[in-house]
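Shown next: input-v7.cif, given as mmCIF, N, CA and C atoms.
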```cif
data_protein
#
loop_
_atom_site.label_atom_id
_atom_site.label_comp_id
_atom_site.auth_asym_id
_atom_site.auth_seq_id
_atom_site.Cartn_x
_atom_site.Cartn_y
_atom_site.Cartn_z
N MET A 1 -21.82 -26.12 -9.79
CA MET A 1 -20.86 -25.64 -8.81
C MET A 1 -21.53 -24.55 -7.97
N CYS A 2 -21.38 -24.62 -6.65
CA CYS A 2 -22.05 -23.65 -5.79
C CYS A 2 -21.28 -22.33 -5.75
N TYR A 3 -21.99 -21.28 -5.30
CA TYR A 3 -21.41 -19.92 -5.27
C TYR A 3 -20.13 -19.86 -4.45
N HIS A 4 -20.11 -20.57 -3.32
CA HIS A 4 -18.92 -20.56 -2.46
C HIS A 4 -17.69 -21.08 -3.20
N ASN A 5 -17.84 -22.15 -3.96
CA ASN A 5 -16.70 -22.71 -4.71
C ASN A 5 -16.23 -21.76 -5.81
N VAL A 6 -17.19 -21.11 -6.47
CA VAL A 6 -16.84 -20.14 -7.53
C VAL A 6 -16.06 -18.99 -6.92
N MET A 7 -16.54 -18.47 -5.78
CA MET A 7 -15.86 -17.34 -5.12
C MET A 7 -14.47 -17.76 -4.65
N THR A 8 -14.35 -18.95 -4.12
CA THR A 8 -13.06 -19.45 -3.65
C THR A 8 -12.07 -19.54 -4.81
N ARG A 9 -12.53 -20.02 -5.95
CA ARG A 9 -11.65 -20.11 -7.14
C ARG A 9 -11.24 -18.72 -7.62
N GLU A 10 -12.19 -17.77 -7.62
CA GLU A 10 -11.87 -16.40 -8.03
C GLU A 10 -10.85 -15.78 -7.09
N LEU A 11 -11.05 -15.95 -5.80
CA LEU A 11 -10.11 -15.39 -4.83
C LEU A 11 -8.72 -15.99 -5.01
N LEU A 12 -8.65 -17.27 -5.23
CA LEU A 12 -7.36 -17.93 -5.45
C LEU A 12 -6.66 -17.33 -6.68
N LYS A 13 -7.42 -17.12 -7.73
CA LYS A 13 -6.86 -16.52 -8.96
C LYS A 13 -6.20 -15.18 -8.65
N TYR A 14 -6.90 -14.32 -7.91
CA TYR A 14 -6.35 -13.00 -7.62
C TYR A 14 -5.21 -13.06 -6.60
N ARG A 15 -5.29 -13.98 -5.66
CA ARG A 15 -4.18 -14.14 -4.70
C ARG A 15 -2.91 -14.56 -5.41
N LEU A 16 -3.04 -15.36 -6.45
CA LEU A 16 -1.87 -15.78 -7.22
C LEU A 16 -1.32 -14.65 -8.08
N LEU A 17 -2.17 -13.74 -8.51
CA LEU A 17 -1.74 -12.61 -9.33
C LEU A 17 -1.03 -11.51 -8.52
N LEU A 18 -1.34 -11.44 -7.22
CA LEU A 18 -0.81 -10.36 -6.39
C LEU A 18 0.43 -10.85 -5.63
N PRO A 19 1.59 -10.24 -5.86
CA PRO A 19 2.82 -10.67 -5.17
C PRO A 19 2.76 -10.33 -3.67
N SER A 20 3.56 -11.01 -2.87
CA SER A 20 3.55 -10.75 -1.43
C SER A 20 4.21 -9.42 -1.09
N GLN A 21 5.09 -8.93 -1.97
CA GLN A 21 5.74 -7.63 -1.77
C GLN A 21 5.70 -6.84 -3.07
N ILE A 22 5.65 -5.52 -2.92
CA ILE A 22 5.74 -4.63 -4.07
C ILE A 22 6.75 -3.53 -3.75
N LYS A 23 7.27 -2.91 -4.78
CA LYS A 23 8.18 -1.77 -4.62
C LYS A 23 7.43 -0.51 -5.01
N VAL A 24 7.50 0.50 -4.15
CA VAL A 24 6.78 1.75 -4.37
C VAL A 24 7.74 2.92 -4.22
N GLU A 25 7.76 3.78 -5.22
CA GLU A 25 8.59 4.99 -5.21
C GLU A 25 7.68 6.15 -4.80
N ILE A 26 7.99 6.79 -3.67
CA ILE A 26 7.12 7.84 -3.11
C ILE A 26 7.75 9.21 -3.31
N HIS A 27 6.91 10.18 -3.71
CA HIS A 27 7.37 11.56 -3.93
C HIS A 27 6.40 12.54 -3.29
N ARG A 28 6.92 13.67 -2.87
CA ARG A 28 6.06 14.76 -2.40
C ARG A 28 5.62 15.53 -3.64
N ALA A 29 4.33 15.80 -3.75
CA ALA A 29 3.77 16.53 -4.90
C ALA A 29 4.00 18.03 -4.71
N GLU A 30 4.31 18.72 -5.80
CA GLU A 30 4.55 20.16 -5.74
C GLU A 30 3.33 20.92 -5.22
N GLU A 31 2.15 20.48 -5.61
CA GLU A 31 0.91 21.16 -5.21
C GLU A 31 0.42 20.72 -3.83
N GLY A 32 1.19 19.88 -3.15
CA GLY A 32 0.82 19.36 -1.84
C GLY A 32 0.43 17.90 -1.93
N GLY A 33 0.56 17.22 -0.86
CA GLY A 33 0.26 15.79 -0.83
C GLY A 33 1.42 14.96 -1.37
N PHE A 34 1.10 13.76 -1.80
CA PHE A 34 2.12 12.81 -2.25
C PHE A 34 1.63 12.07 -3.49
N TRP A 35 2.59 11.55 -4.24
CA TRP A 35 2.26 10.66 -5.35
C TRP A 35 3.26 9.52 -5.32
N ALA A 36 2.87 8.40 -5.90
CA ALA A 36 3.73 7.22 -5.88
C ALA A 36 3.64 6.48 -7.20
N LYS A 37 4.77 5.88 -7.55
CA LYS A 37 4.84 5.00 -8.72
C LYS A 37 5.03 3.58 -8.16
N VAL A 38 4.16 2.68 -8.55
CA VAL A 38 4.27 1.29 -8.11
C VAL A 38 5.16 0.57 -9.11
N LYS A 39 6.41 0.40 -8.75
CA LYS A 39 7.40 -0.13 -9.68
C LYS A 39 7.13 -1.59 -10.06
N THR A 40 6.44 -2.32 -9.22
CA THR A 40 6.13 -3.72 -9.48
C THR A 40 5.13 -3.89 -10.62
N PHE A 41 4.25 -2.91 -10.78
CA PHE A 41 3.23 -2.95 -11.82
C PHE A 41 3.44 -1.77 -12.76
N PRO A 42 3.95 -2.01 -13.96
CA PRO A 42 4.26 -0.92 -14.91
C PRO A 42 3.04 -0.03 -15.17
N GLY A 43 3.28 1.28 -15.06
CA GLY A 43 2.23 2.25 -15.36
C GLY A 43 1.26 2.53 -14.22
N VAL A 44 1.43 1.86 -13.09
CA VAL A 44 0.52 2.09 -11.96
C VAL A 44 1.07 3.20 -11.08
N ALA A 45 0.24 4.20 -10.83
CA ALA A 45 0.61 5.33 -9.98
C ALA A 45 -0.59 5.67 -9.10
N ALA A 46 -0.30 6.38 -8.03
CA ALA A 46 -1.37 6.80 -7.11
C ALA A 46 -1.02 8.15 -6.53
N GLN A 47 -2.03 8.83 -6.03
CA GLN A 47 -1.85 10.16 -5.45
C GLN A 47 -2.70 10.23 -4.20
N GLY A 48 -2.19 10.93 -3.16
CA GLY A 48 -2.95 11.08 -1.93
C GLY A 48 -2.66 12.40 -1.26
N GLU A 49 -3.61 12.86 -0.47
CA GLU A 49 -3.45 14.13 0.23
C GLU A 49 -2.41 14.04 1.34
N ASP A 50 -2.25 12.84 1.92
CA ASP A 50 -1.24 12.61 2.95
C ASP A 50 -0.75 11.17 2.78
N ILE A 51 0.21 10.77 3.61
CA ILE A 51 0.81 9.44 3.47
C ILE A 51 -0.24 8.34 3.66
N LEU A 52 -1.11 8.48 4.64
CA LEU A 52 -2.12 7.44 4.87
C LEU A 52 -3.08 7.32 3.69
N ASP A 53 -3.47 8.44 3.14
CA ASP A 53 -4.33 8.44 1.95
C ASP A 53 -3.59 7.82 0.77
N LEU A 54 -2.31 8.13 0.63
CA LEU A 54 -1.50 7.57 -0.46
C LEU A 54 -1.43 6.04 -0.36
N ILE A 55 -1.22 5.52 0.84
CA ILE A 55 -1.16 4.06 1.01
C ILE A 55 -2.48 3.43 0.57
N GLU A 56 -3.58 4.04 0.93
CA GLU A 56 -4.90 3.53 0.51
C GLU A 56 -5.03 3.59 -1.01
N MET A 57 -4.61 4.69 -1.61
CA MET A 57 -4.74 4.86 -3.06
C MET A 57 -3.82 3.91 -3.83
N VAL A 58 -2.65 3.57 -3.27
CA VAL A 58 -1.77 2.57 -3.88
C VAL A 58 -2.52 1.24 -3.96
N ASN A 59 -3.20 0.87 -2.87
CA ASN A 59 -3.95 -0.38 -2.86
C ASN A 59 -5.08 -0.37 -3.88
N VAL A 60 -5.80 0.73 -3.97
CA VAL A 60 -6.89 0.85 -4.95
C VAL A 60 -6.33 0.74 -6.37
N ALA A 61 -5.22 1.43 -6.63
CA ALA A 61 -4.63 1.41 -7.98
C ALA A 61 -4.21 -0.01 -8.38
N ILE A 62 -3.66 -0.75 -7.45
CA ILE A 62 -3.23 -2.13 -7.75
C ILE A 62 -4.45 -3.01 -8.03
N MET A 63 -5.47 -2.89 -7.21
CA MET A 63 -6.68 -3.69 -7.42
C MET A 63 -7.33 -3.35 -8.76
N ASP A 64 -7.32 -2.07 -9.12
CA ASP A 64 -7.86 -1.67 -10.43
C ASP A 64 -7.01 -2.25 -11.56
N TYR A 65 -5.69 -2.20 -11.41
CA TYR A 65 -4.78 -2.70 -12.44
C TYR A 65 -5.00 -4.19 -12.70
N VAL A 66 -5.17 -4.94 -11.63
CA VAL A 66 -5.35 -6.39 -11.74
C VAL A 66 -6.82 -6.73 -12.05
N GLU A 67 -7.68 -5.71 -12.04
CA GLU A 67 -9.10 -5.86 -12.33
C GLU A 67 -9.81 -6.78 -11.35
N VAL A 68 -9.53 -6.58 -10.06
CA VAL A 68 -10.20 -7.34 -9.01
C VAL A 68 -11.62 -6.78 -8.85
N PRO A 69 -12.64 -7.62 -8.95
CA PRO A 69 -14.01 -7.14 -8.76
C PRO A 69 -14.19 -6.54 -7.35
N ALA A 70 -14.98 -5.49 -7.26
CA ALA A 70 -15.19 -4.79 -5.98
C ALA A 70 -15.68 -5.75 -4.89
N ARG A 71 -16.50 -6.71 -5.24
CA ARG A 71 -17.07 -7.62 -4.24
C ARG A 71 -16.02 -8.54 -3.60
N LEU A 72 -14.86 -8.69 -4.25
CA LEU A 72 -13.81 -9.58 -3.73
C LEU A 72 -12.71 -8.83 -2.98
N ARG A 73 -12.60 -7.54 -3.16
CA ARG A 73 -11.47 -6.78 -2.62
C ARG A 73 -11.34 -6.88 -1.10
N LYS A 74 -12.44 -6.92 -0.40
CA LYS A 74 -12.37 -6.97 1.06
C LYS A 74 -11.81 -8.30 1.58
N TYR A 75 -11.76 -9.32 0.73
CA TYR A 75 -11.24 -10.62 1.12
C TYR A 75 -9.76 -10.81 0.80
N LEU A 76 -9.18 -9.86 0.09
CA LEU A 76 -7.78 -9.96 -0.31
C LEU A 76 -6.89 -9.13 0.61
N ALA A 77 -5.66 -9.56 0.75
CA ALA A 77 -4.70 -8.82 1.56
C ALA A 77 -4.44 -7.45 0.93
N ARG A 78 -4.03 -6.51 1.75
CA ARG A 78 -3.69 -5.17 1.26
C ARG A 78 -2.20 -4.96 1.49
N TYR A 79 -1.68 -3.93 0.87
CA TYR A 79 -0.25 -3.63 0.99
C TYR A 79 -0.03 -2.47 1.96
N GLU A 80 0.99 -2.60 2.81
CA GLU A 80 1.38 -1.55 3.73
C GLU A 80 2.91 -1.47 3.74
N PRO A 81 3.44 -0.27 4.04
CA PRO A 81 4.90 -0.12 4.04
C PRO A 81 5.58 -1.06 5.03
N GLN A 82 6.71 -1.60 4.62
CA GLN A 82 7.51 -2.45 5.49
C GLN A 82 8.45 -1.53 6.27
N LEU A 83 8.25 -1.44 7.55
CA LEU A 83 9.09 -0.58 8.37
C LEU A 83 10.07 -1.43 9.16
N THR A 84 11.27 -0.93 9.33
CA THR A 84 12.30 -1.65 10.08
C THR A 84 12.16 -1.36 11.57
N ARG A 85 12.91 -2.09 12.35
CA ARG A 85 12.92 -1.86 13.80
C ARG A 85 13.39 -0.45 14.11
N SER A 86 14.40 0.02 13.36
CA SER A 86 14.90 1.38 13.61
C SER A 86 13.85 2.42 13.19
N ASP A 87 13.06 2.13 12.15
CA ASP A 87 11.96 3.03 11.77
C ASP A 87 10.97 3.16 12.93
N PHE A 88 10.61 2.02 13.51
CA PHE A 88 9.67 2.05 14.63
C PHE A 88 10.26 2.82 15.82
N LYS A 89 11.55 2.64 16.04
CA LYS A 89 12.20 3.35 17.14
C LYS A 89 12.10 4.87 16.93
N LYS A 90 12.38 5.31 15.69
CA LYS A 90 12.27 6.75 15.37
C LYS A 90 10.84 7.23 15.58
N ILE A 91 9.88 6.42 15.14
CA ILE A 91 8.47 6.80 15.28
C ILE A 91 8.11 6.96 16.75
N ILE A 92 8.51 5.99 17.57
CA ILE A 92 8.18 6.05 19.00
C ILE A 92 8.85 7.25 19.66
N GLU A 93 10.13 7.50 19.34
CA GLU A 93 10.84 8.63 19.94
C GLU A 93 10.22 9.96 19.56
N ASP A 94 9.90 10.13 18.29
CA ASP A 94 9.35 11.40 17.82
C ASP A 94 7.88 11.58 18.18
N TYR A 95 7.17 10.48 18.34
CA TYR A 95 5.73 10.55 18.56
C TYR A 95 5.38 11.29 19.84
N ARG A 96 6.26 11.25 20.81
CA ARG A 96 6.00 11.92 22.08
C ARG A 96 5.79 13.42 21.90
N HIS A 97 6.39 13.96 20.83
CA HIS A 97 6.38 15.41 20.64
C HIS A 97 5.58 15.87 19.44
N LYS A 98 5.16 14.97 18.58
CA LYS A 98 4.51 15.35 17.32
C LYS A 98 3.29 14.48 17.06
N GLN A 99 2.56 14.82 16.03
CA GLN A 99 1.45 14.00 15.58
C GLN A 99 1.98 12.73 14.92
N LEU A 100 1.31 11.62 15.14
CA LEU A 100 1.76 10.33 14.60
C LEU A 100 1.90 10.38 13.08
N GLU A 101 0.93 10.95 12.39
CA GLU A 101 0.97 11.00 10.93
C GLU A 101 2.21 11.76 10.44
N GLU A 102 2.56 12.83 11.13
CA GLU A 102 3.75 13.62 10.77
C GLU A 102 5.02 12.79 10.93
N VAL A 103 5.09 12.01 11.99
CA VAL A 103 6.27 11.18 12.26
C VAL A 103 6.38 10.05 11.23
N VAL A 104 5.28 9.38 10.94
CA VAL A 104 5.29 8.29 9.96
C VAL A 104 5.66 8.83 8.58
N THR A 105 5.12 9.99 8.23
CA THR A 105 5.43 10.61 6.95
C THR A 105 6.93 10.86 6.82
N LYS A 106 7.53 11.38 7.87
CA LYS A 106 8.97 11.68 7.87
C LYS A 106 9.79 10.40 7.64
N VAL A 107 9.41 9.33 8.31
CA VAL A 107 10.14 8.06 8.18
C VAL A 107 10.00 7.51 6.76
N ILE A 108 8.78 7.48 6.24
CA ILE A 108 8.54 6.91 4.91
C ILE A 108 9.22 7.74 3.83
N GLN A 109 9.24 9.06 3.99
CA GLN A 109 9.88 9.91 2.99
C GLN A 109 11.39 9.68 2.91
N GLY A 110 11.97 9.06 3.91
CA GLY A 110 13.40 8.81 3.92
C GLY A 110 13.83 7.74 2.92
N TYR A 111 12.89 7.04 2.33
CA TYR A 111 13.19 5.98 1.37
C TYR A 111 12.99 6.47 -0.05
N ALA A 112 13.92 6.13 -0.94
CA ALA A 112 13.73 6.44 -2.36
C ALA A 112 12.69 5.48 -2.93
N VAL A 113 12.86 4.19 -2.64
CA VAL A 113 11.89 3.17 -3.04
C VAL A 113 11.63 2.34 -1.80
N MET A 114 10.37 2.13 -1.50
CA MET A 114 10.00 1.42 -0.28
C MET A 114 9.30 0.11 -0.62
N THR A 115 9.58 -0.90 0.15
CA THR A 115 8.91 -2.19 0.01
C THR A 115 7.60 -2.15 0.79
N PHE A 116 6.53 -2.59 0.15
CA PHE A 116 5.23 -2.74 0.82
C PHE A 116 4.96 -4.23 0.91
N ASN A 117 4.53 -4.71 2.06
CA ASN A 117 4.18 -6.11 2.25
C ASN A 117 2.68 -6.28 2.28
N GLN A 118 2.24 -7.48 1.89
CA GLN A 118 0.82 -7.79 2.03
C GLN A 118 0.54 -8.05 3.50
N VAL A 119 -0.61 -7.58 3.97
CA VAL A 119 -1.07 -7.88 5.31
C VAL A 119 -2.48 -8.45 5.18
N ALA A 120 -2.85 -9.30 6.11
CA ALA A 120 -4.13 -10.00 6.03
C ALA A 120 -5.29 -9.02 5.92
N ALA A 121 -6.28 -9.43 5.18
CA ALA A 121 -7.48 -8.61 4.99
C ALA A 121 -8.29 -8.51 6.25
#
```
Spit out the file's structure as C-alpha cells when you get a sec.
Amino acid sequence: MCYHNVMTRELLKYRLLLPSQIKVEIHRAEEGGFWAKVKTFPGVAAQGEDILDLIEMVNVAIMDYVEVPARLRKYLARYEPQLTRSDFKKIIEDYRHKQLEEVVTKVIQGYAVMTFNQVAA
C-alpha cells in the first residue's frame, strides 16, 4: 500500500472521530485571560491569554485528546465559534469604535456554553 493511501485512511479515521460541532463552556480566568471546558470531550480543557489564543488552545487540546499525529493536524478541520447574524451585527456596530478582538471577546463571553463548528483546514 502506498504512503498516500495510508495517509488517506489515517485522515478518514480522525475525521470520523471528530464531530462537526462541539460545545465549549468559556470562563474568564481570575488571573487574567480565559479558560474553557470542552463539554463534548470529557476532561478536555484549555487556557488562553485572550479569546483568539483560547480558540487555538481548544483546537490543540482536542487534537491531543484524540491523539492526532502532528503531521496530520494541518489536514483536518479546526473548530471556531458559531456566531449568529445578530452576533455579527453587534461586532460590526461596535468595531467602528473599538478593537476587533475586544468586540469579539464581548460577544463570545455572552454565552454560557457556545457551539463551535468545524471549518475547512
Two-atom distance - atom C of Pro81 in chain A, CA of Phe116 in chain A (Å):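 We find that atom C of Pro81 in chain A and CA of Phe116 in chain A lie 4.5 Å from each other.
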Extract, using only N, CA and C atoms, all DNA, RNA and protein residues at most 7 Å from Lys23 in chain A, discarding same-chain residues fewer than 2 positions from it, and format them as an mmCIF file with N, CA and C atoms, in the frame of the given file.
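This is the output file part-v6.cif:
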```cif
data_model
loop_
_atom_site.group_PDB
_atom_site.id
_atom_site.type_symbol
_atom_site.label_atom_id
_atom_site.label_comp_id
_atom_site.auth_asym_id
_atom_site.auth_seq_id
_atom_site.Cartn_x
_atom_site.Cartn_y
_atom_site.Cartn_z
ATOM 1 N N GLN A 21 5.090 -8.930 -1.970
ATOM 2 C CA GLN A 21 5.740 -7.630 -1.770
ATOM 3 C C GLN A 21 5.700 -6.840 -3.070
ATOM 4 N N GLU A 25 7.760 3.780 -5.220
ATOM 5 C CA GLU A 25 8.590 4.990 -5.210
ATOM 6 C C GLU A 25 7.680 6.150 -4.800
ATOM 7 N N LYS A 37 4.770 5.880 -7.550
ATOM 8 C CA LYS A 37 4.840 5.000 -8.720
ATOM 9 C C LYS A 37 5.030 3.580 -8.160
ATOM 10 N N VAL A 38 4.160 2.680 -8.550
ATOM 11 C CA VAL A 38 4.270 1.290 -8.110
ATOM 12 C C VAL A 38 5.160 0.570 -9.110
ATOM 13 N N LYS A 39 6.410 0.400 -8.750
ATOM 14 C CA LYS A 39 7.400 -0.130 -9.680
ATOM 15 C C LYS A 39 7.130 -1.590 -10.060
ATOM 16 N N THR A 40 6.440 -2.320 -9.220
ATOM 17 C CA THR A 40 6.130 -3.720 -9.480
ATOM 18 C C THR A 40 5.130 -3.890 -10.620
ATOM 19 N N PHE A 41 4.250 -2.910 -10.780
ATOM 20 C CA PHE A 41 3.230 -2.950 -11.820
ATOM 21 C C PHE A 41 3.440 -1.770 -12.760
ATOM 22 N N VAL A 113 12.860 4.190 -2.640
ATOM 23 C CA VAL A 113 11.890 3.170 -3.040
ATOM 24 C C VAL A 113 11.630 2.340 -1.800
ATOM 25 N N MET A 114 10.370 2.130 -1.500
ATOM 26 C CA MET A 114 10.000 1.420 -0.280
ATOM 27 C C MET A 114 9.300 0.110 -0.620
ATOM 28 N N THR A 115 9.580 -0.900 0.150
ATOM 29 C CA THR A 115 8.910 -2.190 0.010
ATOM 30 C C THR A 115 7.600 -2.150 0.790
ATOM 31 N N PHE A 116 6.530 -2.590 0.150
ATOM 32 C CA PHE A 116 5.230 -2.740 0.820
ATOM 33 C C PHE A 116 4.960 -4.230 0.910
#
```
Which residue is closest to Ala120 in chain A? Choose from A:Ala77, A:Ile92, A:Leu11, A:Leu52 and count only N, CA and C atoms. A:Ala77
For a test of reading the model, state the distance in Å between CA of Phe88 in chain A and atom C of Val104 in chain A, rounded to one decimal.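 One can read the CA of Phe88 in chain A to atom C of Val104 in chain A distance as 9.9 Å.
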Report, as JSON, the centre and edge lengths in Å (one decimal) of the axis-aligned box enclosing every listed atom of range 45-52 of chain A, padded by 3 Å on each side.
```
{"center_x": -1.4, "center_y": 9.2, "center_z": -3.0, "size_x": 10.4, "size_y": 15.9, "size_z": 21.7}
```
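By chain and then residue number, the residues within 10 Å of Val68 in chain A are A:Glu10, A:Leu11, A:Lys13, A:Tyr14, A:Leu17, A:Val60, A:Ile62, A:Leu76, counting only C-alpha atoms and disregarding those fewer than 6 positions away in sequence.
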DSSP strand (DSSP E or B) residues within chain A, listed as a compact mmCIF listing (two decimals) with N, CA and C atoms, in the coordinates of the input:
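Printed below is part35.txt as written:
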```
# COMPACT_ATOMS: atom_id res chain seq x y z
N GLN A 21 5.09 -8.93 -1.97
CA GLN A 21 5.74 -7.63 -1.77
C GLN A 21 5.70 -6.84 -3.07
N ILE A 22 5.65 -5.52 -2.92
CA ILE A 22 5.74 -4.63 -4.07
C ILE A 22 6.75 -3.53 -3.75
N LYS A 23 7.27 -2.91 -4.78
CA LYS A 23 8.18 -1.77 -4.62
C LYS A 23 7.43 -0.51 -5.01
N VAL A 24 7.50 0.50 -4.15
CA VAL A 24 6.78 1.75 -4.37
C VAL A 24 7.74 2.92 -4.22
N GLU A 25 7.76 3.78 -5.22
CA GLU A 25 8.59 4.99 -5.21
C GLU A 25 7.68 6.15 -4.80
N ILE A 26 7.99 6.79 -3.67
CA ILE A 26 7.12 7.84 -3.11
C ILE A 26 7.75 9.21 -3.31
N HIS A 27 6.91 10.18 -3.71
CA HIS A 27 7.37 11.56 -3.93
C HIS A 27 6.40 12.54 -3.29
N ARG A 28 6.92 13.67 -2.87
CA ARG A 28 6.06 14.76 -2.40
C ARG A 28 5.62 15.53 -3.64
N PHE A 34 1.10 13.76 -1.80
CA PHE A 34 2.12 12.81 -2.25
C PHE A 34 1.63 12.07 -3.49
N TRP A 35 2.59 11.55 -4.24
CA TRP A 35 2.26 10.66 -5.35
C TRP A 35 3.26 9.52 -5.32
N ALA A 36 2.87 8.40 -5.90
CA ALA A 36 3.73 7.22 -5.88
C ALA A 36 3.64 6.48 -7.20
N LYS A 37 4.77 5.88 -7.55
CA LYS A 37 4.84 5.00 -8.72
C LYS A 37 5.03 3.58 -8.16
N VAL A 38 4.16 2.68 -8.55
CA VAL A 38 4.27 1.29 -8.11
C VAL A 38 5.16 0.57 -9.11
N VAL A 44 1.43 1.86 -13.09
CA VAL A 44 0.52 2.09 -11.96
C VAL A 44 1.07 3.20 -11.08
N ALA A 45 0.24 4.20 -10.83
CA ALA A 45 0.61 5.33 -9.98
C ALA A 45 -0.59 5.67 -9.10
N ALA A 46 -0.30 6.38 -8.03
CA ALA A 46 -1.37 6.80 -7.11
C ALA A 46 -1.02 8.15 -6.53
N GLN A 47 -2.03 8.83 -6.03
CA GLN A 47 -1.85 10.16 -5.45
C GLN A 47 -2.70 10.23 -4.20
N GLY A 48 -2.19 10.93 -3.16
CA GLY A 48 -2.95 11.08 -1.93
C GLY A 48 -2.66 12.40 -1.26
N ARG A 78 -4.03 -6.51 1.75
CA ARG A 78 -3.69 -5.17 1.26
C ARG A 78 -2.20 -4.96 1.49
N TYR A 79 -1.68 -3.93 0.87
CA TYR A 79 -0.25 -3.63 0.99
C TYR A 79 -0.03 -2.47 1.96
N GLU A 80 0.99 -2.60 2.81
CA GLU A 80 1.38 -1.55 3.73
C GLU A 80 2.91 -1.47 3.74
N PRO A 81 3.44 -0.27 4.04
CA PRO A 81 4.90 -0.12 4.04
C PRO A 81 5.58 -1.06 5.03
N VAL A 113 12.86 4.19 -2.64
CA VAL A 113 11.89 3.17 -3.04
C VAL A 113 11.63 2.34 -1.80
N MET A 114 10.37 2.13 -1.50
CA MET A 114 10.00 1.42 -0.28
C MET A 114 9.30 0.11 -0.62
N THR A 115 9.58 -0.90 0.15
CA THR A 115 8.91 -2.19 0.01
C THR A 115 7.60 -2.15 0.79
N PHE A 116 6.53 -2.59 0.15
CA PHE A 116 5.23 -2.74 0.82
C PHE A 116 4.96 -4.23 0.91
N ASN A 117 4.53 -4.71 2.06
CA ASN A 117 4.18 -6.11 2.25
C ASN A 117 2.68 -6.28 2.28
N GLN A 118 2.24 -7.48 1.89
CA GLN A 118 0.82 -7.79 2.03
C GLN A 118 0.54 -8.05 3.50
N VAL A 119 -0.61 -7.58 3.97
CA VAL A 119 -1.07 -7.88 5.31
C VAL A 119 -2.48 -8.45 5.18
```
Between CA of Ala46 in chain A and atom C of Glu30 in chain A, what distance in Å does the model show, to one decimal?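 Separation of CA of Ala46 in chain A and atom C of Glu30 in chain A: 15.0 Å.
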